[in-house]
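Asker: Next comes final24.cif, mmCIF, C-alpha atoms:
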data_start
#
loop_
_atom_site.label_atom_id
_atom_site.label_comp_id
_atom_site.auth_asym_id
_atom_site.auth_seq_id
_atom_site.Cartn_x
_atom_site.Cartn_y
_atom_site.Cartn_z
CA MET A 1 0.00 0.00 0.00
CA ARG A 2 1.26 3.47 -0.85
CA LEU A 3 0.44 6.44 1.36
CA ILE A 4 -0.41 9.31 -0.99
CA GLY A 5 -1.63 11.90 1.51
CA LYS A 6 -2.59 12.26 5.16
CA TYR A 7 -3.98 14.99 7.41
CA ILE A 8 -5.44 14.41 10.88
CA ASP A 9 -6.19 17.33 13.21
CA LYS A 10 -5.90 17.49 16.99
CA ASN A 11 -9.48 16.19 17.34
CA LYS A 12 -8.49 13.07 15.34
CA ALA A 13 -10.65 14.06 12.37
CA GLY A 14 -9.13 14.07 8.90
CA TYR A 15 -8.32 12.04 5.84
CA VAL A 16 -5.88 9.47 4.51
CA THR A 17 -5.33 8.83 0.79
CA LEU A 18 -4.09 5.36 -0.07
CA ARG A 19 -3.20 3.45 -3.24
CA PRO A 20 -3.80 -0.34 -3.01
CA GLU A 21 -1.24 -2.47 -4.85
CA ASP A 22 -2.18 -6.08 -4.01
CA ASP A 23 -4.84 -8.33 -2.48
CA GLU A 24 -3.72 -7.68 1.08
CA ASP A 25 -4.08 -3.94 0.53
CA MET A 26 -7.72 -4.53 -0.42
CA TRP A 27 -8.16 -6.36 2.88
CA HIS A 28 -6.64 -3.42 4.76
CA LEU A 29 -9.06 -1.02 3.05
CA TYR A 30 -11.98 -3.26 3.97
CA ASN A 31 -10.91 -3.06 7.62
CA LEU A 32 -10.33 0.70 7.49
CA ILE A 33 -13.56 1.85 5.86
CA GLN A 34 -16.54 1.94 8.23
CA GLU A 35 -20.20 2.74 7.75
CA GLY A 36 -20.58 6.54 7.95
CA ASP A 37 -17.10 7.33 6.61
CA GLU A 38 -16.70 9.41 3.48
CA VAL A 39 -14.79 7.85 0.59
CA ARG A 40 -13.65 9.53 -2.62
CA SER A 41 -12.36 7.59 -5.62
CA ALA A 42 -12.58 7.32 -9.38
CA ALA A 43 -15.67 5.68 -10.87
CA VAL A 44 -17.16 4.87 -14.23
CA ARG A 45 -20.85 5.65 -14.66
CA ARG A 46 -23.17 5.25 -17.63
CA VAL A 47 -24.76 8.59 -18.54
CA GLN A 48 -27.67 9.19 -20.91
CA THR A 49 -28.03 12.43 -22.85
CA VAL A 50 -31.02 13.68 -24.85
CA SER A 51 -30.40 15.72 -27.99
CA ASN A 52 -32.58 18.59 -29.32
CA THR A 53 -34.26 16.14 -31.69
CA GLY A 54 -35.26 13.85 -28.81
CA SER A 55 -32.82 11.05 -29.54
CA THR A 56 -30.94 9.56 -26.60
CA ASP A 57 -27.30 8.61 -26.40
CA SER A 58 -25.64 6.51 -23.68
CA GLN A 59 -21.95 6.61 -22.86
CA ARG A 60 -19.63 5.60 -20.05
CA VAL A 61 -18.07 8.55 -18.25
CA ARG A 62 -15.09 8.45 -15.90
CA LEU A 63 -15.49 10.73 -12.90
CA HIS A 64 -14.60 11.12 -9.22
CA LEU A 65 -17.33 10.52 -6.65
CA THR A 66 -17.51 11.10 -2.89
CA LEU A 67 -19.83 8.74 -1.02
CA GLN A 68 -21.01 8.48 2.55
CA VAL A 69 -20.56 4.75 3.13
CA THR A 70 -23.57 2.56 3.90
CA ARG A 71 -22.07 -0.84 3.06
CA THR A 72 -18.76 -2.47 2.12
CA LEU A 73 -18.19 -5.83 0.46
CA PHE A 74 -14.90 -7.72 0.20
CA SER A 75 -14.25 -10.84 -1.87
CA ALA A 76 -10.99 -12.74 -1.56
CA GLY A 77 -11.23 -13.83 -5.20
CA SER A 78 -12.51 -16.74 -7.22
CA ALA A 79 -11.00 -19.22 -9.63
CA SER A 80 -9.45 -17.37 -12.52
CA ALA A 81 -7.80 -20.18 -14.41
CA SER A 82 -8.06 -23.92 -14.70
CA ASN A 83 -6.71 -26.76 -16.73
CA THR A 84 -7.66 -30.38 -17.08
CA ASN A 85 -5.67 -33.36 -18.32
CA SER A 86 -6.68 -36.99 -18.38
CA THR A 87 -4.77 -40.22 -18.57
CA THR A 88 -6.06 -43.76 -18.71
CA ALA A 89 -4.21 -46.82 -17.45
CA SER A 90 -5.48 -50.38 -17.65
CA SER A 91 -4.49 -53.81 -16.47
CA THR A 92 -5.74 -57.31 -17.23
CA SER A 93 -8.38 -57.10 -14.51
CA SER A 94 -9.41 -53.44 -14.35
CA ALA A 95 -9.09 -50.04 -15.92
CA GLY A 96 -8.39 -46.82 -14.06
CA ALA A 97 -8.88 -43.28 -15.26
CA GLY A 98 -7.09 -40.32 -13.75
CA SER A 99 -7.55 -36.60 -14.16
CA SER A 100 -5.93 -33.58 -12.64
CA SER A 101 -7.33 -30.11 -12.22
CA SER A 102 -6.19 -26.94 -10.57
CA ALA A 103 -7.65 -23.52 -9.83
CA ILE A 104 -5.74 -20.38 -9.06
CA THR A 105 -7.63 -18.61 -6.32
CA GLY A 106 -5.18 -15.88 -5.41
CA GLY A 107 -4.68 -12.50 -7.05
CA GLY A 108 -8.35 -11.66 -7.47
CA ALA A 109 -9.48 -9.76 -4.36
CA THR A 110 -12.19 -7.18 -4.98
CA MET A 111 -13.85 -4.54 -2.85
CA HIS A 112 -17.09 -2.63 -3.41
CA ILE A 113 -18.25 0.42 -1.46
CA THR A 114 -21.91 1.48 -1.57
CA GLY A 115 -23.24 4.81 -0.34
CA ARG A 116 -24.98 8.08 -1.09
CA VAL A 117 -23.25 10.71 -3.22
CA ILE A 118 -22.54 13.75 -1.01
CA GLU A 119 -20.72 15.96 -3.54
CA GLU A 120 -22.75 16.79 -6.63
CA ASN A 121 -21.14 16.95 -10.04
CA HIS A 122 -22.28 17.39 -13.62
CA HIS A 123 -23.33 13.75 -14.06
CA VAL A 124 -24.54 12.57 -10.63
CA LYS A 125 -27.10 14.18 -8.32
CA MET A 126 -26.68 14.63 -4.58
CA GLY A 127 -28.17 11.77 -2.58
CA ALA A 128 -28.04 9.25 -5.43
CA PHE A 129 -26.81 5.79 -4.48
CA HIS A 130 -23.68 4.51 -6.18
CA THR A 131 -21.22 1.64 -5.77
CA LEU A 132 -17.50 2.27 -6.10
CA ASP A 133 -15.49 -0.67 -7.43
CA ILE A 134 -12.07 -0.26 -5.83
CA GLU A 135 -9.23 -1.25 -8.15
CA MET A 136 -5.50 -1.84 -7.77
CA ASN A 137 -3.29 1.23 -8.24
CA ARG A 138 -6.26 3.61 -7.98
CA ASP A 139 -6.20 6.21 -5.19
CA VAL A 140 -8.83 6.04 -2.43
CA LYS A 141 -9.39 8.97 -0.06
CA ILE A 142 -10.93 8.05 3.32
CA LEU A 143 -12.38 10.78 5.55
CA LYS A 144 -13.30 10.02 9.17
CA GLU A 145 -14.66 12.10 12.00
CA GLU A 146 -12.31 10.19 14.30
CA TRP A 147 -9.22 8.16 13.42
CA ASP A 148 -8.78 5.89 16.44
CA ARG A 149 -5.60 4.04 17.30
CA VAL A 150 -6.68 0.78 15.69
CA ALA A 151 -7.33 2.52 12.35
CA LEU A 152 -4.06 4.48 12.45
CA ASP A 153 -2.07 1.34 13.34
CA ARG A 154 -3.72 -0.41 10.39
CA VAL A 155 -2.56 2.39 8.03
CA ASP A 156 1.00 2.13 9.39
CA GLU A 157 1.05 -1.67 8.96
CA ALA A 158 -0.37 -1.49 5.44
CA CYS A 159 2.23 1.05 4.31
CA ALA A 160 5.26 -0.51 6.05
CA GLU A 161 8.24 -1.17 3.78
CA GLY A 162 9.08 -4.78 3.01
CA ARG A 163 5.61 -6.10 3.78
CA GLY A 164 4.56 -9.15 1.81
CA ALA A 165 4.31 -12.92 1.88
CA GLU A 166 6.86 -14.54 4.17
CA VAL A 167 5.82 -18.19 4.15
CA GLY A 168 4.96 -20.56 1.34
CA ALA A 169 3.12 -23.76 2.18
CA ILE A 170 2.21 -26.98 0.40
CA VAL A 171 -0.48 -28.76 2.43
CA CYS A 172 -0.92 -32.14 0.82
CA GLY A 173 -2.25 -35.65 0.98
CA GLU A 174 -2.00 -38.47 -1.54
CA GLY A 175 -3.35 -36.88 -4.73
CA THR A 176 -4.44 -33.56 -3.19
CA ALA A 177 -2.57 -30.36 -2.43
CA ALA A 178 -3.12 -26.69 -1.68
CA LEU A 179 -0.30 -24.24 -2.46
CA CYS A 180 -0.55 -21.21 -0.18
CA LEU A 181 1.17 -17.95 0.60
CA LEU A 182 1.00 -16.49 4.13
CA SER A 183 1.51 -12.81 4.81
CA GLU A 184 0.90 -10.80 7.97
CA HIS A 185 -2.85 -10.55 7.41
CA MET A 186 -3.86 -13.09 4.77
CA THR A 187 -3.61 -16.70 3.77
CA THR A 188 -3.92 -16.85 -0.01
CA ILE A 189 -4.55 -20.18 -1.71
CA ARG A 190 -2.60 -19.79 -4.91
CA GLN A 191 -3.58 -23.14 -6.37
CA ARG A 192 -5.49 -26.30 -5.50
CA ILE A 193 -4.54 -29.64 -7.00
CA ASP A 194 -6.63 -32.80 -7.09
CA VAL A 195 -5.29 -35.82 -8.95
CA PRO A 196 -7.09 -39.17 -8.45
CA VAL A 197 -4.60 -41.87 -7.42
CA PRO A 198 -5.91 -45.46 -7.79
CA ARG A 199 -5.34 -47.88 -4.95
CA LYS A 200 -2.49 -50.33 -5.15
CA ALA A 201 -3.44 -53.54 -6.91
CA ALA A 202 -1.40 -56.63 -7.65
CA GLY A 203 -0.13 -56.66 -11.21
CA SER A 204 -1.19 -53.04 -11.87
CA SER A 205 1.01 -49.95 -12.19
CA SER A 206 -1.90 -47.48 -12.11
CA HIS A 207 -1.12 -46.42 -8.52
CA ASP A 208 2.47 -45.47 -9.35
CA LYS A 209 1.38 -43.67 -12.53
CA GLY A 210 -1.23 -41.72 -10.57
CA LEU A 211 1.40 -40.63 -8.03
CA GLU A 212 3.76 -39.60 -10.83
CA ARG A 213 1.02 -37.42 -12.37
CA PHE A 214 0.32 -35.88 -8.98
CA TYR A 215 3.98 -35.08 -8.22
CA SER A 216 4.53 -33.68 -11.71
CA THR A 217 1.44 -31.46 -11.51
CA LEU A 218 2.43 -30.23 -8.06
CA TYR A 219 6.02 -29.48 -9.11
CA THR A 220 4.90 -27.47 -12.15
CA ALA A 221 2.40 -25.52 -10.04
CA PHE A 222 5.01 -24.87 -7.34
CA LEU A 223 7.43 -23.28 -9.81
CA ARG A 224 4.64 -21.13 -11.23
CA VAL A 225 2.90 -19.76 -8.13
CA ILE A 226 5.36 -19.91 -5.20
CA PRO A 227 8.07 -17.18 -5.22
CA PHE A 228 10.56 -19.34 -3.33
CA THR A 229 13.48 -16.93 -3.80
CA THR A 230 11.84 -14.20 -1.64
CA LEU A 231 10.20 -16.33 1.07
CA LYS A 232 11.68 -16.97 4.52
CA VAL A 233 10.29 -20.48 4.88
CA ILE A 234 8.63 -23.03 2.59
CA VAL A 235 6.62 -25.65 4.45
CA ILE A 236 5.60 -29.03 3.09
CA ALA A 237 2.95 -30.43 5.43
CA SER A 238 0.98 -33.67 5.30
CA PRO A 239 -0.17 -36.64 7.32
CA GLY A 240 2.06 -39.66 6.91
CA PHE A 241 5.01 -39.69 4.52
CA VAL A 242 3.56 -37.73 1.56
CA LYS A 243 5.53 -34.63 2.59
CA ASP A 244 8.80 -36.56 2.33
CA SER A 245 7.94 -37.93 -1.11
CA VAL A 246 6.97 -34.46 -2.37
CA TYR A 247 10.19 -32.96 -0.98
CA GLU A 248 12.32 -35.65 -2.61
CA TYR A 249 10.52 -35.29 -5.95
CA ILE A 250 10.95 -31.49 -6.00
CA PHE A 251 14.70 -31.70 -5.52
CA ALA A 252 15.14 -34.69 -7.78
CA GLN A 253 13.53 -32.64 -10.56
CA ALA A 254 15.57 -29.56 -9.63
CA THR A 255 18.74 -31.63 -9.90
CA LYS A 256 17.61 -33.26 -13.15
CA THR A 257 16.82 -29.86 -14.76
CA ASN A 258 19.81 -28.12 -13.15
CA ASN A 259 17.55 -25.56 -11.43
CA LYS A 260 20.32 -23.92 -9.40
CA VAL A 261 18.05 -21.24 -7.88
CA LEU A 262 15.73 -23.86 -6.38
CA LEU A 263 18.64 -26.01 -5.20
CA GLN A 264 20.11 -23.00 -3.39
CA ALA A 265 16.77 -22.52 -1.58
CA ARG A 266 16.83 -26.05 -0.13
CA ASN A 267 17.61 -24.77 3.38
CA LYS A 268 14.28 -22.86 3.40
CA PHE A 269 12.23 -26.05 3.17
CA VAL A 270 10.71 -27.52 6.32
CA ARG A 271 8.68 -30.74 6.51
CA VAL A 272 5.92 -30.78 9.14
CA HIS A 273 3.50 -33.53 10.14
CA VAL A 274 -0.16 -32.42 10.33
CA SER A 275 -3.33 -34.32 11.13
CA SER A 276 -5.24 -33.40 7.96
CA PRO A 277 -4.34 -32.62 4.31
CA HIS A 278 -6.51 -29.48 4.35
CA VAL A 279 -5.73 -25.76 4.58
CA HIS A 280 -6.97 -25.43 8.17
CA SER A 281 -3.95 -27.54 9.18
CA LEU A 282 -1.83 -24.41 8.68
CA VAL A 283 -2.60 -23.61 12.33
CA GLU A 284 -0.64 -26.75 13.27
CA VAL A 285 2.12 -25.74 10.87
CA LEU A 286 2.65 -22.35 12.49
CA LYS A 287 2.75 -23.92 15.97
CA SER A 288 5.42 -26.45 15.02
CA PRO A 289 8.83 -25.71 16.61
CA GLU A 290 10.62 -25.98 13.24
CA VAL A 291 8.53 -23.15 11.75
CA ALA A 292 7.96 -21.07 14.87
CA SER A 293 11.71 -20.74 15.49
CA GLN A 294 12.22 -19.14 12.07
CA LEU A 295 9.12 -16.91 12.25
CA LYS A 296 9.18 -15.85 15.89
CA GLU A 297 9.29 -12.15 14.93
CA THR A 298 6.28 -12.26 12.61
CA LYS A 299 2.80 -11.19 13.65
CA PHE A 300 0.84 -14.23 12.49
CA ALA A 301 3.25 -16.71 14.07
CA ARG A 302 2.92 -14.89 17.39
CA GLU A 303 -0.86 -15.06 17.07
CA GLY A 304 -0.79 -18.82 16.46
CA ILE A 305 1.46 -19.42 19.46
CA MET A 306 -0.69 -17.33 21.81
CA LEU A 307 -3.95 -18.90 20.60
CA ASP A 308 -2.46 -22.32 21.28
CA LYS A 309 -1.38 -21.12 24.74
CA PHE A 310 -4.94 -19.90 25.41
CA PHE A 311 -6.51 -23.24 24.47
CA LYS A 312 -4.03 -25.13 26.65
CA MET A 313 -4.72 -22.78 29.56
CA LEU A 314 -8.47 -23.20 29.03
CA GLY A 315 -8.02 -26.89 29.74
CA GLN A 316 -5.42 -26.65 32.52
CA ASP A 317 -5.99 -23.29 34.29
CA GLU A 318 -9.43 -22.06 33.23
CA LEU A 319 -9.52 -19.24 35.81
CA ARG A 320 -6.86 -17.48 33.72
CA ALA A 321 -8.47 -18.12 30.31
CA TRP A 322 -11.59 -16.05 29.63
CA TYR A 323 -13.50 -15.51 26.40
CA GLY A 324 -16.66 -13.79 25.20
CA PRO A 325 -17.28 -10.00 25.08
CA ASP A 326 -19.01 -9.75 28.49
CA HIS A 327 -16.50 -11.84 30.43
CA VAL A 328 -13.43 -10.27 28.79
CA THR A 329 -14.85 -6.80 29.54
CA LEU A 330 -15.16 -7.74 33.22
CA ALA A 331 -11.54 -8.94 33.24
CA ALA A 332 -10.40 -5.72 31.54
CA ASP A 333 -12.25 -3.59 34.12
CA ARG A 334 -10.23 -5.34 36.83
CA GLY A 335 -6.89 -4.83 35.05
CA ALA A 336 -6.39 -8.59 34.87
CA ILE A 337 -5.60 -9.05 31.16
CA GLY A 338 -2.03 -9.95 30.25
CA THR A 339 -2.75 -10.79 26.60
CA LEU A 340 -5.88 -9.75 24.70
CA LEU A 341 -6.76 -11.83 21.63
CA ILE A 342 -9.30 -10.02 19.45
CA SER A 343 -10.53 -10.56 15.89
CA ASP A 344 -10.53 -7.78 13.31
CA ASP A 345 -14.18 -8.78 12.71
CA LEU A 346 -15.13 -6.97 15.93
CA PHE A 347 -13.50 -3.72 14.80
CA ARG A 348 -15.64 -3.85 11.64
CA SER A 349 -18.82 -3.57 13.71
CA SER A 350 -21.40 -1.25 12.11
CA ASP A 351 -22.26 -0.04 15.62
CA PRO A 352 -19.77 2.78 16.41
CA VAL A 353 -20.41 2.39 20.15
CA LYS A 354 -19.34 -1.27 20.06
CA ARG A 355 -16.25 -0.50 17.99
CA LYS A 356 -15.28 2.32 20.34
CA GLY A 357 -15.69 -0.04 23.29
CA TYR A 358 -13.28 -2.55 21.77
CA VAL A 359 -10.78 0.21 20.90
CA GLU A 360 -10.90 1.55 24.48
CA MET A 361 -10.47 -1.98 25.85
CA ALA A 362 -7.37 -2.53 23.68
CA ASP A 363 -5.94 0.85 24.71
CA GLY A 364 -6.59 0.05 28.37
CA VAL A 365 -4.78 -3.30 28.15
CA ARG A 366 -1.77 -1.63 26.49
CA SER A 367 -1.69 1.16 29.10
CA ARG A 368 -1.37 -1.45 31.85
CA GLY A 369 1.54 -3.14 30.08
CA GLY A 370 -0.48 -5.93 28.48
CA GLU A 371 -0.22 -7.25 24.94
CA VAL A 372 -2.95 -6.83 22.30
CA LEU A 373 -3.04 -9.19 19.31
CA ILE A 374 -5.51 -8.33 16.56
CA PHE A 375 -6.17 -11.53 14.60
CA SER A 376 -6.91 -11.44 10.89
CA SER A 377 -10.03 -13.40 9.98
CA MET A 378 -8.26 -14.18 6.68
CA HIS A 379 -5.91 -16.49 8.61
CA GLU A 380 -6.88 -19.88 10.01
CA SER A 381 -6.01 -18.72 13.55
CA GLY A 382 -8.39 -15.76 13.17
CA GLN A 383 -11.17 -18.06 12.00
CA GLN A 384 -10.62 -20.28 15.05
CA LEU A 385 -10.87 -17.23 17.32
CA ASN A 386 -14.08 -16.16 15.56
CA GLN A 387 -15.60 -19.52 16.43
CA LEU A 388 -14.83 -18.63 20.06
CA THR A 389 -16.83 -15.32 19.90
CA GLY A 390 -13.91 -13.38 18.39
CA ILE A 391 -12.40 -12.24 21.69
CA ALA A 392 -10.43 -13.99 24.44
CA ALA A 393 -7.93 -13.10 27.13
CA ILE A 394 -5.07 -14.68 29.04
CA LEU A 395 -5.16 -13.21 32.55
CA THR A 396 -2.16 -12.28 34.67
CA PHE A 397 -3.88 -13.66 37.78
CA PRO A 398 -6.79 -16.11 38.24
CA LEU A 399 -10.36 -14.85 38.52
CA ASP A 400 -13.46 -16.92 39.16
CA ILE A 401 -16.20 -15.92 36.72
CA ASP A 402 -19.00 -16.82 39.14
CA ILE A 403 -17.52 -14.67 41.92
CA VAL A 404 -16.92 -11.73 39.56
CA GLU A 405 -20.47 -11.89 38.20
CA GLU A 406 -21.85 -12.00 41.75
CA GLU A 407 -19.78 -8.93 42.63
CA GLU A 408 -21.15 -7.15 39.57
CA ARG A 409 -24.73 -8.07 40.53
CA GLN A 410 -24.30 -6.80 44.09
CA ALA A 411 -22.69 -3.57 42.89
CA LYS A 412 -25.60 -3.00 40.50
CA GLU A 413 -28.19 -3.61 43.25
CA GLU A 414 -26.38 -1.23 45.60
CA ALA A 415 -26.25 1.45 42.90
CA GLU A 416 -29.98 1.05 42.17
CA LEU A 417 -30.79 1.20 45.88
CA ALA A 418 -28.71 4.34 46.38
CA ALA A 419 -30.38 5.99 43.38
CA ALA A 420 -33.83 5.09 44.71
CA GLU A 421 -33.03 6.56 48.16
CA GLU A 422 -31.69 9.73 46.56
CA ASN A 423 -34.83 10.15 44.46
CA GLY A 424 -37.15 9.16 47.32
#
Please, can you express the file's structure as structure tokens?
Answerer:
Amino acid sequence: MRLIGKYIDKNKAGYVTLRPEDDEDMWHLYNLIQEGDEVRSAAVRRVQTVSNTGSTDSQRVRLHLTLQVTRTLFSAGSASASNTNSTTASSTSSAGAGSSSSAITGGGATMHITGRVIEENHHVKMGAFHTLDIEMNRDVKILKEEWDRVALDRVDEACAEGRGAEVGAIVCGEGTAALCLLSEHMTTIRQRIDVPVPRKAAGSSSHDKGLERFYSTLYTAFLRVIPFTTLKVIVIASPGFVKDSVYEYIFAQATKTNNKVLLQARNKFVRVHVSSPHVHSLVEVLKSPEVASQLKETKFAREGIMLDKFFKMLGQDELRAWYGPDHVTLAADRGAIGTLLISDDLFRSSDPVKRKGYVEMADGVRSRGGEVLIFSSMHESGQQLNQLTGIAAILTFPLDIDIVEEEERQAKEEAELAAAEENG
């Protein structure tokens, strides 16, 4: 993301102009733009004109519109390319057919902003509804009445130099694979592979041929969609021994084709055992000591480690592991939170009072020396946290929820009684 312009006054009102350059930048914009904000960007609108003779003419006009936002929509992208090959192998007793297909799902994030036009121009009337389709490398100006700390931190993160994918991952099983890129805020599935592999059968070579097709397809896809020269770590994860076979095939082919660049990147590869050949197993990958040791300074690795710590504490020391908005708020009021785990979903609340409450909670935890981790719901760890209400806390000292709730009830009754006596 490029920062084009910025002005925020002492009351925290002002604007920021940004230029998105990739999918993750679109995600940052989606998290920055709230209902009620004003957004200005280029748009294309179809305009009809009527001539003196009564004939009408329709043409597309490029113009700049300023909207007061009523709704935002983000899409991580859909399949943009596919290919299909088929091979048939037969034996004396049976015939097996195999096919392979892949879909590139990265590189297609889109964002749409709907709202009322608040600055009239020659082609669009005030108050008319319009939808801005945000595009890469097109400036977007965001005006807010208040830029809180969460929003300003998001701008700083989005515009930081050197930001980008740090981890490549191949999560695979026998005949299936997902090739992914992990950055600070997103997990992008660059390609899915599904190649049917027949079962082993006596006197048949169809199983071996199916595996060969799978490895070949995966290797070709890896070279095309994984920028292994710029990544810190490349993980091959699977149940069983598939990861080892994939690793050996990749470097056997690299040696065979004299791919010196890939051979030099061998030390970046890490093989990790996971329980499932699906993308959600990336949570296990990030918790593995082999990967965590190399990514200990990155945001998403820290999030995975702390979420794992929370779940372990929930089972072993539940008085120090609280979750849910109401309970975490009670813990925050008592200054008991050591680490706050909160999903970016909560900061996208359309209710400004709720958002402000979460911002103040995060600021309060930081002011007491605690740590605040804002999880991206575009990562597997963020999705796990969302299933747990989107907010959790690791406390610095144990608190019994039942006792705290009883204290709150008594305090409320005493306050109501005092108010009644004062009015009576």
Asker: Looking at A:Pro325, A:Gly5, A:Pro277, A:Pro289, which one is nearest to Val140 in chain A, with distances taken over only C-alpha atoms?
Answerer: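 Closest to Val140 in chain A of all the choices is A:Gly5.
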Asker: Can you tell me, as a list of chain:residue names, what residues are no more than 8 Å from Phe300 in chain A when counting only C-alpha atoms, ignoring any on the same chain fewer than 2 positions away?
Answerer: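 Final neighbour list, sorted by chain and number: A:Ser183, A:Glu184, A:His185, A:Thr298, A:Arg302, A:Glu303, A:Gly304, A:Phe375.
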Asker: Using all atoms listed in the file, which residue out of A:Ala392, A:Met1, A:Leu417, A:Ile113 lies closest to Glu161 in chain A?
Answerer: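 Looking at the shortest contact to Glu161 in chain A, the residue is A:Met1.
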Asker: For a test of reading the model, state the distance in Å between CA of Val372 in chain A and CA of Leu341 in chain A, rounded to one decimal.
Answerer: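 Calculated distance between CA of Val372 in chain A and CA of Leu341 in chain A is 6.3 Å.
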Asker: If the PyMOL selection byres ((chain A and resi 309) around 12) were run on this exact file, what residues would it hold? Put them as a ChimeraX atom specification.
Answerer: /A:287,302-308,310-318,320-321,339,341,392-395
Asker: Using only C-alpha atoms for the distances, tell me which of A:Ile342, A:Val274, A:Leu399, A:Met361 is nearest to Leu385 in chain A.
Answerer: A:Ile342
Asker: Please list, as number ranges by chain, the residues that have an atom at most 8 Å away from (4.9, -19.2, 3.4) in the coordinates of this file, counting all atoms listed in the file.
Answerer: A: 165-169, 180-183, 231-235
